[in-house]
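Chemist: Have a look at this one.
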Amino acid sequence: MKYIIGLHALMFLIVILMGCNSTPNRSILRQVESYMEEHPDSALFLLNSIAHPEKLSGREQAEYALFYTQSCEKNFILQLNDSLIKIAVDYFKSQAGGLKTAQSYFYMGCIYQNRNEHANAVRAFIKALENAPSNIRSRILMQIHFYLAESYNNEGLYNEAKKHYFLSYENAIYRKDTLDMYYPLRGIGTAYSFKLQYDSALVYYNKALEISCRANNNEMKAYVLSSIAGCYEAKNDFEKANEYATKVINLGVSDCTNMYEVKGNSLMHLNRLDSAYYYLKLSVTSTDLNTKAIAYYHLYNLLKKKSYLEVIACADSFILYKDSLIAAQQYDEIQNIREEHFQRVKEQEFFVRRCWLILGFMCLCFIGAIVFLFLERKRKLHYARLNQTLAEMKLANVKRYIEEELGDSVELDDELMKLEESELKKCICDFQKTIWYRRIVNLDEQYLSAKEQRELLSDLLAIFPHIIERLRMEYPTIKDVDVYFCILSIIGFRLKKIAFCLRTNDRNLSTRKSRLKKNLSKKLFEMVFSNN
């Protein structure tokens, strides 16, 4: 009793200590959740203050994984490893959907986007939409639609991208968040420009430009103005292209080389060759291979008539950077092929390992079954030998009794045989009084039913226990059907009748009889089959 009381006290103390340890963590996670939207840097600081996050479990571990990934994304910390967010996904998806499930899938999609795995990103964002509560209109829904649209754009599915940009835009309108309207409007314009519908693209780009001007954000303005300049250049409206390229340059953003290329090309088409030459020479300093190659191509066209040697140099540079672009694309393709190959190899290795595990398991089961059958057979033989020894002891006692009662002159085996035959006749008489005897005698080309067979064998077991014991003593591995065959033969039924009782045929019974002859003593065999 003292031991039980002490054990309960120890368990109670452990629970209290665990509660004391987990309470601060829960409090920190609640603070993190409240800081996440307005102060993501503070949220990240609080998360880093948790001493041993690896010791968290259950919901706390899942929330930590989600909040940490979310705060890194909001603090523009590039994440490429998805192992942490998978903890949140695996936990919350078991909670039958909900906001945190949608958030987990969303941030997993963001990591896939960072790794340029756009197909996996699309799958994750779609899962986020499927798990998002149908009645919510929060900002996370706008983000899911926007990022899904970005992934579709990267995959070249511009109609799907446009649909999700519009859904993102509608969410921002519903929440009256003007700044959030900028991103889907810009995305809609991009989707239209990819489909070469430049007039429609300009409508949405201009709406995005109005928002960026009200926000007085130069980076946002530069992005939209660059896109507008590109649309006008594609429409061959070089006056407008030059105008918007100049606006971008005047904003003083860090890298204007792509706008130098647009401005230089526009000035060349406006026949202002010296100015065009100046801006195109600036654009070839770009670190972007696409901008560099196109700039050299425009320089080549500009200098065709002015300087033969310089034209050759520009043409060579254009070819060089074009080849660099092709080589880079081929490298990406080779990397993709290598990754697919490694993935297939891993899948094959996993399949082979699984096959070996299954085969090993089946072999263990087979060996186990063999060992079990061997031990079971050994056990039966052991008990059969014990029964035989017991029977021999009983027989010795009976012989001793007869010697004492009748004297030495009496043949003991003969007397025992007489006793055994007398007992057997009594058992046969008892059976002949049952309905089974008449039922078997009247059998005519008809088997007993399975139910009748079971009932008959049960009654035979009750009426002839001694002869059954003797049969098992002489032949320990004898089958039940052979025992019943012997008893029906002792009663005096012909093979044909016995075959109807045991639901078999004469040939099968003849084979059984031959096997029993080899395993039973001559006296017992003759006694059993004397009537057959």
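Following the order of the structure tokens, first chain is A, next is B, and so on, with residues numbered from 1 inside each chain and ligands from 1 in the order they appear.
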With a distance cut-off of 12 Å and only C-alpha atoms, select the neighbouring residues of segment 53-58 of chain A, excluding the residue or stretch itself and same-chain residues fewer than 3 positions from it, and output the selection as a count of residues only.
Modeler: 28
Chemist: Do you know which residues are at most 12 Å from Asn135 of chain A counting only C-alpha atoms, after dropping those on the same chain fewer than 5 positions away, and could you put them as a PDB file with C-alpha atoms, in the first residue's frame?
Modeler:
ATOM      1  CA  GLY A  98      -9.000  25.017 -40.147  1.00  0.00           C
ATOM      2  CA  LEU A  99      -7.094  28.274 -40.331  1.00  0.00           C
ATOM      3  CA  LEU A 141      -6.780  34.025 -47.999  1.00  0.00           C
TER       4      LEU A 141
END
Chemist: Using only C-alpha atoms, which residues sit within 12 Å of Lys513 of chain A once same-chain residues fewer than 4 positions away are excluded, as a list in words?
Modeler: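 Final neighbour list, sorted by chain and number: Val481, Asp482, Val483, Phe485, Cys486, Ser489, Leu495, Asp506, Arg507, Asn508, Leu509, Lys517, Lys518, Asn519, Leu520, Phe525, Glu526, Val528, Phe529 and Asn532 of chain A.
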Chemist: Write the residues of the selection above to a file with C-alpha atoms, as a PDB file, in the first residue's frame.
Modeler:
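Saved as out08.pdb:
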ATOM      1  CA  VAL A 481     -10.954 -39.428 -39.334  1.00  0.00           C
ATOM      2  CA  ASP A 482      -8.902 -42.654 -39.095  1.00  0.00           C
ATOM      3  CA  VAL A 483     -10.108 -43.155 -35.496  1.00  0.00           C
ATOM      4  CA  PHE A 485     -13.046 -45.192 -39.535  1.00  0.00           C
ATOM      5  CA  CYS A 486     -11.754 -47.807 -37.075  1.00  0.00           C
ATOM      6  CA  SER A 489     -15.375 -50.843 -38.795  1.00  0.00           C
ATOM      7  CA  LEU A 495     -16.769 -49.802 -46.462  1.00  0.00           C
ATOM      8  CA  ASP A 506     -14.173 -46.665 -51.089  1.00  0.00           C
ATOM      9  CA  ARG A 507     -10.767 -46.136 -52.666  1.00  0.00           C
ATOM     10  CA  ASN A 508      -9.790 -43.524 -50.085  1.00  0.00           C
ATOM     11  CA  LEU A 509     -10.858 -45.874 -47.263  1.00  0.00           C
ATOM     12  CA  LYS A 517      -2.113 -51.891 -41.000  1.00  0.00           C
ATOM     13  CA  LYS A 518       1.459 -50.605 -40.973  1.00  0.00           C
ATOM     14  CA  ASN A 519       1.036 -48.606 -37.748  1.00  0.00           C
ATOM     15  CA  LEU A 520      -1.211 -50.826 -35.568  1.00  0.00           C
ATOM     16  CA  PHE A 525      -5.760 -54.413 -36.474  1.00  0.00           C
ATOM     17  CA  GLU A 526      -7.510 -57.820 -36.655  1.00  0.00           C
ATOM     18  CA  VAL A 528     -10.773 -53.565 -35.651  1.00  0.00           C
ATOM     19  CA  PHE A 529     -11.237 -54.962 -39.112  1.00  0.00           C
ATOM     20  CA  ASN A 532     -14.484 -56.022 -42.834  1.00  0.00           C
TER      21      ASN A 532
END
Chemist: Which residue out of A:Leu225, A:Gly156, A:Asn442, A:Asn171 has the minimum interatomic distance to Lys195 of chain A when only C-alpha atoms are used?
Modeler: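 Nearest to Lys195 of chain A: A:Gly156.
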Chemist: Near Ser42 of chain A, counting only C-alpha atoms, which residues have an atom at most 10 Å away, once you skip same-chain residues fewer than 6 positions from it, shown as a VMD selection string?
Modeler: chain A and resid 31 to 32 35 to 36 48 71
